[in-house]
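Okay, structure20.cif is below, mmCIF, C-alpha atoms and all ligand atoms:
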```
data_run
#
loop_
_atom_site.label_atom_id
_atom_site.label_comp_id
_atom_site.auth_asym_id
_atom_site.auth_seq_id
_atom_site.Cartn_x
_atom_site.Cartn_y
_atom_site.Cartn_z
CA MET A 1 24.59 20.86 -56.55
CA GLY A 2 27.30 21.38 -53.94
CA VAL A 3 26.61 22.24 -50.31
CA PHE A 4 27.95 25.58 -49.17
CA LEU A 5 27.08 26.46 -45.58
CA LYS A 6 29.70 29.14 -44.85
CA GLY A 7 28.14 32.16 -43.17
CA ARG A 8 24.76 30.48 -42.67
CA SER A 9 22.61 30.60 -39.55
CA LEU A 10 20.49 27.79 -38.15
CA LEU A 11 17.36 29.19 -36.49
CA SER A 12 15.08 26.33 -37.52
CA LEU A 13 15.59 23.15 -39.55
CA MET A 14 13.45 24.91 -42.17
CA ASP A 15 16.65 26.91 -42.90
CA PHE A 16 18.53 23.84 -44.20
CA THR A 17 17.75 21.62 -47.19
CA LYS A 18 17.87 17.85 -46.99
CA ASP A 19 21.34 17.91 -48.62
CA GLU A 20 22.59 20.48 -46.12
CA ILE A 21 21.39 18.40 -43.17
CA ARG A 22 22.99 15.36 -44.82
CA TYR A 23 26.27 17.26 -45.09
CA VAL A 24 26.23 18.18 -41.38
CA LEU A 25 25.38 14.59 -40.38
CA ASP A 26 28.15 13.12 -42.56
CA LEU A 27 30.64 15.58 -41.09
CA SER A 28 29.39 14.71 -37.58
CA HIS A 29 30.03 10.99 -38.15
CA LYS A 30 33.55 11.87 -39.35
CA LEU A 31 34.28 14.13 -36.38
CA LYS A 32 32.99 11.49 -33.96
CA ASN A 33 35.35 8.93 -35.50
CA GLU A 34 38.24 11.37 -35.15
CA LYS A 35 37.59 11.56 -31.41
CA GLY A 36 39.84 8.63 -30.52
CA ASP A 37 42.68 9.79 -32.75
CA ASN A 38 43.87 12.51 -30.36
CA LYS A 39 44.07 14.85 -33.31
CA ASN A 40 44.61 18.45 -32.41
CA GLN A 41 43.13 20.06 -35.47
CA GLN A 42 42.60 23.61 -34.18
CA ARG A 43 40.25 24.29 -37.08
CA LEU A 44 38.53 27.13 -35.21
CA LEU A 45 41.73 28.94 -34.21
CA SER A 46 40.94 32.67 -33.83
CA LYS A 47 37.16 32.04 -34.10
CA THR A 48 34.99 33.35 -31.28
CA VAL A 49 31.43 32.40 -30.35
CA ALA A 50 29.09 34.34 -28.03
CA LEU A 51 26.77 32.04 -26.09
CA LEU A 52 23.63 33.90 -25.01
CA PHE A 53 21.41 32.18 -22.47
CA GLU A 54 18.00 33.33 -21.19
CA LYS A 55 17.28 29.76 -20.02
CA ARG A 56 19.36 27.10 -18.26
CA SER A 57 21.40 24.47 -20.09
CA THR A 58 23.80 21.61 -19.49
CA ARG A 59 24.21 19.81 -22.84
CA THR A 60 23.88 22.75 -25.22
CA ARG A 61 26.22 25.02 -23.34
CA CYS A 62 28.82 22.30 -22.75
CA SER A 63 28.61 21.07 -26.36
CA PHE A 64 29.28 24.53 -27.74
CA GLU A 65 32.02 25.34 -25.21
CA THR A 66 33.90 22.06 -25.64
CA ALA A 67 33.44 21.93 -29.43
CA VAL A 68 34.84 25.44 -29.84
CA GLY A 69 37.62 24.86 -27.28
CA GLU A 70 38.79 21.57 -28.79
CA GLU A 71 39.18 23.28 -32.14
CA GLY A 72 41.26 26.13 -30.76
CA GLY A 73 38.57 28.81 -30.70
CA SER A 74 37.05 30.59 -27.74
CA SER A 75 33.53 31.12 -26.49
CA VAL A 76 32.05 33.58 -24.00
CA PHE A 77 29.07 32.51 -21.87
CA LEU A 78 26.63 35.38 -21.41
CA SER A 79 23.51 34.80 -19.35
CA THR A 80 20.85 37.48 -19.03
CA ASP A 81 22.25 38.12 -15.53
CA ASP A 82 25.48 39.22 -17.21
CA ILE A 83 24.52 41.33 -20.21
CA HIS A 84 22.04 44.08 -21.03
CA LEU A 85 20.18 42.09 -23.72
CA GLY A 86 16.55 43.16 -23.90
CA GLU A 87 16.70 45.06 -20.58
CA LYS A 88 18.83 48.18 -20.80
CA GLU A 89 19.87 47.58 -24.41
CA SER A 90 17.72 46.49 -27.33
CA ILE A 91 18.28 43.16 -29.07
CA GLU A 92 19.14 45.06 -32.27
CA ASP A 93 21.91 47.06 -30.54
CA THR A 94 23.27 44.03 -28.70
CA ALA A 95 23.36 42.13 -32.01
CA ARG A 96 25.30 44.91 -33.73
CA VAL A 97 27.88 45.03 -30.92
CA LEU A 98 28.34 41.25 -30.75
CA GLY A 99 28.54 41.00 -34.54
CA ARG A 100 31.60 43.29 -34.49
CA MET A 101 33.37 41.18 -31.88
CA PHE A 102 32.41 37.55 -32.47
CA SER A 103 32.53 35.12 -35.40
CA ALA A 104 29.11 33.69 -34.44
CA ILE A 105 26.35 33.84 -31.83
CA MET A 106 24.38 31.06 -30.16
CA PHE A 107 21.07 32.04 -28.60
CA ARG A 108 18.96 30.05 -26.12
CA GLY A 109 15.83 31.77 -24.91
CA PHE A 110 12.13 32.30 -25.15
CA HIS A 111 11.23 33.96 -28.43
CA GLN A 112 12.15 32.81 -31.92
CA GLU A 113 11.86 36.47 -32.88
CA THR A 114 14.90 37.29 -30.71
CA ALA A 115 17.01 34.78 -32.65
CA GLU A 116 15.73 36.28 -35.90
CA LYS A 117 16.66 39.81 -34.78
CA LEU A 118 20.13 38.63 -33.75
CA ARG A 119 20.62 37.16 -37.22
CA LYS A 120 19.31 40.24 -38.97
CA PHE A 121 21.39 42.78 -37.06
CA SER A 122 24.62 40.95 -36.15
CA GLY A 123 25.78 40.00 -39.65
CA VAL A 124 27.34 36.76 -38.32
CA PRO A 125 25.92 33.20 -38.19
CA VAL A 126 23.37 32.72 -35.40
CA TYR A 127 22.52 29.27 -34.03
CA ASN A 128 19.29 28.57 -32.20
CA GLY A 129 20.24 26.67 -29.05
CA LEU A 130 16.52 26.32 -28.14
CA THR A 131 13.58 28.68 -28.18
CA ASP A 132 9.97 28.10 -27.16
CA GLU A 133 9.33 27.11 -30.78
CA PHE A 134 12.35 25.15 -32.04
CA HIS A 135 15.44 23.18 -30.97
CA PRO A 136 17.27 22.46 -34.25
CA THR A 137 20.72 21.54 -32.90
CA GLN A 138 19.05 18.87 -30.72
CA VAL A 139 17.36 17.25 -33.69
CA LEU A 140 20.67 17.10 -35.62
CA ALA A 141 21.96 14.96 -32.73
CA ASP A 142 18.76 12.91 -32.69
CA LEU A 143 19.08 12.15 -36.40
CA LEU A 144 22.73 11.14 -35.93
CA THR A 145 21.74 8.80 -33.08
CA ILE A 146 18.97 7.20 -35.15
CA GLU A 147 21.32 6.73 -38.07
CA GLU A 148 23.91 5.10 -35.80
CA ALA A 149 21.29 2.72 -34.42
CA PHE A 150 19.70 1.66 -37.73
CA GLY A 151 22.27 2.58 -40.39
CA ARG A 152 19.78 4.83 -42.18
CA LEU A 153 17.10 7.47 -41.70
CA LYS A 154 14.93 6.76 -44.72
CA GLY A 155 11.89 4.68 -43.83
CA ILE A 156 12.58 4.62 -40.07
CA LYS A 157 9.49 5.42 -37.97
CA VAL A 158 9.76 7.83 -35.02
CA ALA A 159 6.86 8.15 -32.59
CA TYR A 160 7.12 11.23 -30.37
CA VAL A 161 4.84 10.75 -27.36
CA GLY A 162 4.05 13.68 -25.04
CA ASP A 163 3.61 17.44 -25.38
CA GLY A 164 2.99 17.65 -29.12
CA ARG A 165 3.22 21.40 -29.39
CA ASN A 166 6.58 21.98 -27.77
CA ASN A 167 9.91 22.86 -29.40
CA MET A 168 11.01 19.21 -29.65
CA ALA A 169 7.85 17.93 -31.31
CA LEU A 170 7.84 20.75 -33.87
CA THR A 171 11.52 20.38 -34.71
CA LEU A 172 11.37 16.58 -34.97
CA MET A 173 8.50 16.84 -37.46
CA ILE A 174 10.58 19.10 -39.70
CA GLY A 175 13.83 17.12 -39.36
CA CYS A 176 12.19 13.75 -39.96
CA ALA A 177 10.18 15.02 -42.93
CA LYS A 178 13.34 16.38 -44.57
CA MET A 179 15.27 13.15 -44.13
CA GLY A 180 12.53 10.75 -45.24
CA THR A 181 11.84 9.49 -41.71
CA HIS A 182 8.23 8.81 -40.66
CA CYS A 183 7.15 10.94 -37.73
CA THR A 184 4.02 10.46 -35.66
CA ILE A 185 3.14 12.86 -32.88
CA VAL A 186 1.17 11.05 -30.16
CA ALA A 187 -0.48 13.55 -27.82
CA PRO A 188 -3.84 14.39 -26.25
CA PRO A 189 -5.95 16.62 -28.55
CA SER A 190 -5.28 19.83 -26.60
CA LEU A 191 -1.52 19.30 -27.04
CA HIS A 192 -1.52 18.66 -30.78
CA PRO A 193 1.01 20.74 -32.73
CA ALA A 194 0.30 24.07 -34.41
CA GLY A 195 -1.02 24.15 -37.97
CA ASN A 196 1.73 25.98 -39.87
CA VAL A 197 4.60 23.69 -38.85
CA VAL A 198 2.40 20.64 -39.45
CA ASP A 199 1.47 21.94 -42.92
CA TYR A 200 5.11 22.68 -43.74
CA SER A 201 6.32 19.26 -42.52
CA GLN A 202 3.57 17.36 -44.32
CA HIS A 203 4.35 19.22 -47.52
CA VAL A 204 8.08 18.40 -47.20
CA ALA A 205 7.23 14.77 -46.32
CA GLU A 206 5.38 14.39 -49.61
CA THR A 207 8.57 15.34 -51.47
CA THR A 208 10.74 12.87 -49.52
CA GLY A 209 8.24 10.01 -49.70
CA THR A 210 7.44 9.84 -46.01
CA ASP A 211 4.63 10.99 -43.74
CA VAL A 212 4.08 13.18 -40.72
CA SER A 213 0.95 12.35 -38.76
CA ILE A 214 -0.73 13.28 -35.49
CA THR A 215 -2.84 11.06 -33.31
CA SER A 216 -4.17 10.84 -29.77
CA SER A 217 -4.14 7.05 -29.88
CA ILE A 218 -1.07 5.51 -28.26
CA ASP A 219 -1.74 2.07 -29.76
CA GLU A 220 -2.02 3.48 -33.28
CA GLY A 221 0.83 5.97 -32.93
CA VAL A 222 3.53 3.71 -31.52
CA SER A 223 2.72 0.61 -33.58
CA GLN A 224 5.80 -0.40 -35.66
CA ALA A 225 7.80 2.56 -34.30
CA ASP A 226 11.57 2.00 -34.46
CA VAL A 227 12.10 4.98 -32.15
CA ILE A 228 10.02 6.07 -29.18
CA TYR A 229 10.88 9.66 -28.27
CA THR A 230 9.67 11.80 -25.43
CA ASP A 231 10.49 15.09 -23.73
CA VAL A 232 9.55 16.76 -20.46
CA TRP A 233 5.86 17.48 -19.93
CA ILE A 234 6.64 20.97 -18.64
CA SER A 235 9.11 22.91 -20.75
CA MET A 236 11.25 25.76 -19.42
CA GLY A 237 9.06 28.80 -18.87
CA GLU A 238 5.85 26.77 -18.41
CA GLU A 239 6.34 25.81 -14.77
CA ASP A 240 2.90 27.20 -13.81
CA ARG A 241 1.21 24.58 -16.04
CA LYS A 242 2.47 21.59 -14.05
CA ASP A 243 -0.84 20.27 -12.69
CA GLU A 244 -2.65 20.65 -16.01
CA ARG A 245 0.14 18.86 -17.91
CA ILE A 246 0.28 15.94 -15.51
CA ARG A 247 -3.48 15.53 -15.85
CA LEU A 248 -3.31 15.64 -19.65
CA LEU A 249 -0.23 13.47 -20.12
CA LYS A 250 -0.28 10.87 -17.34
CA ASP A 251 -1.55 8.16 -19.73
CA TYR A 252 1.23 9.02 -22.21
CA GLN A 253 4.13 8.02 -19.95
CA ILE A 254 6.82 5.91 -21.65
CA ASN A 255 6.94 2.68 -19.66
CA ALA A 256 7.78 -0.94 -20.47
CA ALA A 257 4.17 -1.69 -21.45
CA LEU A 258 4.14 1.20 -23.96
CA MET A 259 7.50 0.09 -25.43
CA LYS A 260 5.98 -3.38 -26.06
CA LYS A 261 3.20 -1.77 -28.09
CA THR A 262 5.65 -1.02 -30.92
CA GLY A 263 5.44 -4.72 -31.75
CA LEU A 264 9.17 -4.65 -32.65
CA ASP A 265 12.02 -6.02 -30.58
CA HIS A 266 14.58 -3.53 -31.94
CA SER A 267 12.82 -0.28 -30.90
CA ILE A 268 15.00 2.26 -29.12
CA PHE A 269 14.13 5.00 -26.62
CA LEU A 270 15.30 8.60 -27.06
CA HIS A 271 14.90 11.71 -24.90
CA CYS A 272 16.60 15.07 -25.43
CA LEU A 273 17.18 15.32 -21.64
CA PRO A 274 17.00 16.48 -18.94
CA ALA A 275 14.43 13.79 -17.99
CA VAL A 276 12.03 13.78 -15.09
CA LYS A 277 11.97 10.09 -14.26
CA GLY A 278 8.62 8.87 -12.98
CA MET A 279 6.84 11.47 -15.10
CA GLU A 280 7.32 11.25 -18.89
CA VAL A 281 9.50 8.10 -18.62
CA THR A 282 9.96 5.38 -16.05
CA GLU A 283 13.34 4.65 -14.52
CA GLU A 284 13.07 1.13 -16.02
CA VAL A 285 12.88 2.40 -19.63
CA PHE A 286 15.41 5.17 -19.04
CA GLU A 287 17.99 2.67 -17.75
CA SER A 288 17.13 -0.12 -20.21
CA PRO A 289 19.55 -1.45 -22.87
CA TYR A 290 17.32 0.03 -25.59
CA SER A 291 17.67 3.54 -24.12
CA ARG A 292 20.18 5.53 -26.19
CA VAL A 293 19.86 8.80 -24.30
CA PHE A 294 23.53 9.20 -23.39
CA GLU A 295 24.75 8.47 -26.93
CA GLN A 296 22.19 11.07 -27.98
CA ALA A 297 23.58 13.56 -25.43
CA GLU A 298 27.16 12.95 -26.60
CA ASN A 299 26.05 13.46 -30.19
CA ARG A 300 25.07 17.04 -29.35
CA LYS A 301 28.77 17.86 -29.28
CA HIS A 302 29.68 16.14 -32.55
CA THR A 303 26.78 17.71 -34.46
CA ILE A 304 27.40 21.16 -32.99
CA LYS A 305 31.09 20.90 -33.88
CA ALA A 306 30.10 19.92 -37.42
CA LEU A 307 27.69 22.87 -37.62
CA LEU A 308 30.42 25.27 -36.45
CA LEU A 309 32.99 23.94 -38.93
CA ALA A 310 30.49 23.95 -41.81
CA THR A 311 29.34 27.52 -41.21
CA LEU A 312 32.52 29.23 -40.00
CA LEU A 313 35.24 27.91 -42.33
N1 LIG B 1 18.79 18.73 -24.54
C1 LIG B 1 19.22 19.96 -24.16
O1 LIG B 1 19.09 20.97 -24.87
O2 LIG B 1 19.81 19.95 -22.95
P1 LIG B 1 20.24 21.24 -22.11
O3 LIG B 1 18.96 21.95 -21.71
O4 LIG B 1 20.97 20.68 -20.94
O5 LIG B 1 21.08 22.13 -22.97
N1 LIG B 2 11.02 21.07 -24.28
C1 LIG B 2 12.13 21.24 -23.37
C2 LIG B 2 13.40 20.85 -24.02
C3 LIG B 2 14.61 20.90 -23.14
C4 LIG B 2 15.88 20.52 -23.83
C5 LIG B 2 12.18 22.67 -22.89
O1 LIG B 2 11.99 23.59 -23.71
O2 LIG B 2 12.39 22.90 -21.69
#
```

Could the structure of this file be written out as structure tokens, please?
Ligand code: CP
Ligand code: NVA
Amino acid sequence: MGVFLKGRSLLSLMDFTKDEIRYVLDLSHKLKNEKGDNKNQQRLLSKTVALLFEKRSTRTRCSFETAVGEEGGSSVFLSTDDIHLGEKESIEDTARVLGRMFSAIMFRGFHQETAEKLRKFSGVPVYNGLTDEFHPTQVLADLLTIEEAFGRLKGIKVAYVGDGRNNMALTLMIGCAKMGTHCTIVAPPSLHPAGNVVDYSQHVAETTGTDVSITSSIDEGVSQADVIYTDVWISMGEEDRKDERIRLLKDYQINAALMKKTGLDHSIFLHCLPAVKGMEVTEEVFESPYSRVFEQAENRKHTIKALLLATLL
């Protein structure tokens, strides 16, 4: 069966099949290789993308803006300080206006429901650039980075250590399950992920011959892990939980001793960034040769460009 992504939205990796993710990753590899060729393809000429931000961003905003710009399209950055979204004007009305002016919409904000309403009422592709629940464009870049490091995704083991119920943990479970990559969430019991996403991922994992598991044991969780992944302990919007999170997660810091516990000498370290060094990861690990965080950051742009080309052309 062929892959046809034109007109599609990406609100969660649940929206894409394994073959569709594979298509975006293959296109991303190709676009990354084109980078040095100085090709001026202009494949998004006359395409326009609205970039809606309720939360801050460096990588996601810059990836979308540069990907669209390099391909001859244009994007408009709209923070909640700039537009009426959800204040003076409903999300439904904003969506209907933007849908008449733009080829696509990217949304970064709090509620997944807002992204869903934008999709329902705009009539154009909507990309989730991070919500409290999911961060699908990040995990496309993570998968690309893992594939570059090991030449495959199938059978690779990822151990995500940290806040197991945040957007990164939930999205990694889904992405890994779809691509046949083992995923273990290593977190204290009170930060274990929510049931429905776990159930979904474990069900998908059965079909791809892999497993998604959750543990509080660092030794058990990171053993034989090819990839150690972490994220901030306090996600955007949760700043008032700082003391509680530090108390819960201080033993889950990624340091050189934890990296040794994989028992493998080829394990790599990933982090979606921004990182708070000295908290979830030590400076030593962050700056080590096995840290691939800046390749991972660059891959945001290649995967986002691939997503735009696949869904807009
Ligand atoms: N990883 C990520 O989404 O980074 P930004 O918050 O800088 O966009
Ligand atoms: N979990 C983090 C991811 C940042 C890219 C947050 O939501 O702030």

Quiz item: Using all atoms listed in the file, which protein or nucleic acid residues are at most 7 Å from ligand LIG 1 (chain B), as a list in words?
Solution: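 With all atoms listed in the file and a cut-off of 7 Å, ligand LIG 1 (chain B) is contacted by Arg56, Ser57, Thr58, Arg59, Thr60, Arg61, Leu130, Gln138, Cys272, Leu273 and Pro274 of chain A.
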
Quiz item: Which residue out of A:Gln253, A:Thr94, A:Thr210, A:Ser235 has the minimum interatomic distance to Pro188 in chain A when all atoms listed in the file are used?
Solution: A:Gln253

Self-check item: Nearby polymer residues, ligand LIG 2 (chain B), at most 12 Å, all atoms listed in the file, as a ChimeraX atom specification
Solution: /A:54-61,108-111,129-139,162-172,230-239,271-276,280,297,300

Quiz prompt | Nearest residue to Pro189 in chain A from the set A:Ser75, A:Gln42, A:Thr215, A:Asn128 (distances using all atoms listed in the file) | solution = A:Thr215

Quiz item: By how many Å are CA of Ile185 in chain A and CA of Met173 in chain A apart?
Solution: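 About the pair CA of Ile185 in chain A and CA of Met173 in chain A: they are 8.1 Å apart.
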
Exercise. May I ask for the distance between CA of Arg247 in chain A and CA of Thr262 in chain A, given in Å to one decimal place?
Key: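 Result for CA of Arg247 in chain A versus CA of Thr262 in chain A: 24.2 Å, one decimal.
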
Self-check item: Best match for closeness to Met14 in chain A among A:Gly155, A:Gly221, A:Pro125, A:Gly175, counting all atoms listed in the file
Solution: A:Gly175

Practice problem: Using CA of Phe64 in chain A and CA of Ile304 in chain A as the two end points, give the distance in Å to one decimal. | Solution: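 So the answer is 6.5 Å.
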
Self-check item: Contacts of Lys30 in chain A at 12 Å (all atoms listed in the file; same-chain gap of 6+ positions) as a PyMOL selection string
Solution: chain A and resi 23-24+36-37+144+299+302-303+305-306

Quiz prompt | Nearest candidate to Leu312 in chain A (options A:Glu298, A:Glu34, A:Asp93, A:Glu71; using only C-alpha atoms) | solution = A:Glu71

Exercise. Identify which of the residues A:Val204, A:Ile254, A:Val212, A:Ala104 lies closest to Leu44 in chain A, counting all atoms listed in the file when measuring atom-to-atom distances.
Key: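 Selected residue with least distance to Leu44 in chain A: A:Ala104.
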
Give me the residues near range 285-291 of chain A as an mmCIF file with C-alpha atoms, keeping the file's coordinate frame, where near means some atom within 7 Å (using all atoms listed in the file) and where sequence neighbours in that chain fewer than 3 positions away do not count.
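Saved to out-v5.cif:
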```cif
data_model
loop_
_atom_site.group_PDB
_atom_site.id
_atom_site.type_symbol
_atom_site.label_atom_id
_atom_site.label_comp_id
_atom_site.auth_asym_id
_atom_site.auth_seq_id
_atom_site.Cartn_x
_atom_site.Cartn_y
_atom_site.Cartn_z
ATOM 1 C CA ASN A 255 6.940 2.680 -19.660
ATOM 2 C CA ALA A 256 7.780 -0.940 -20.470
ATOM 3 C CA SER A 267 12.820 -0.280 -30.900
ATOM 4 C CA ILE A 268 15.000 2.260 -29.120
ATOM 5 C CA PHE A 269 14.130 5.000 -26.620
ATOM 6 C CA LEU A 270 15.300 8.600 -27.060
ATOM 7 C CA VAL A 281 9.500 8.100 -18.620
ATOM 8 C CA THR A 282 9.960 5.380 -16.050
#
```

Practice problem: Tell me which of A:Thr66, A:Thr114, A:Thr145, A:Thr80 sits closest to Leu25 in chain A, counting all atoms listed in the file. | Solution: A:Thr145

Quiz item: Excluding same-chain residues fewer than 2 positions from Ala177 in chain A, what lies within 10 Å of it counting all atoms listed in the file, as a count of residues only?
Solution: 25
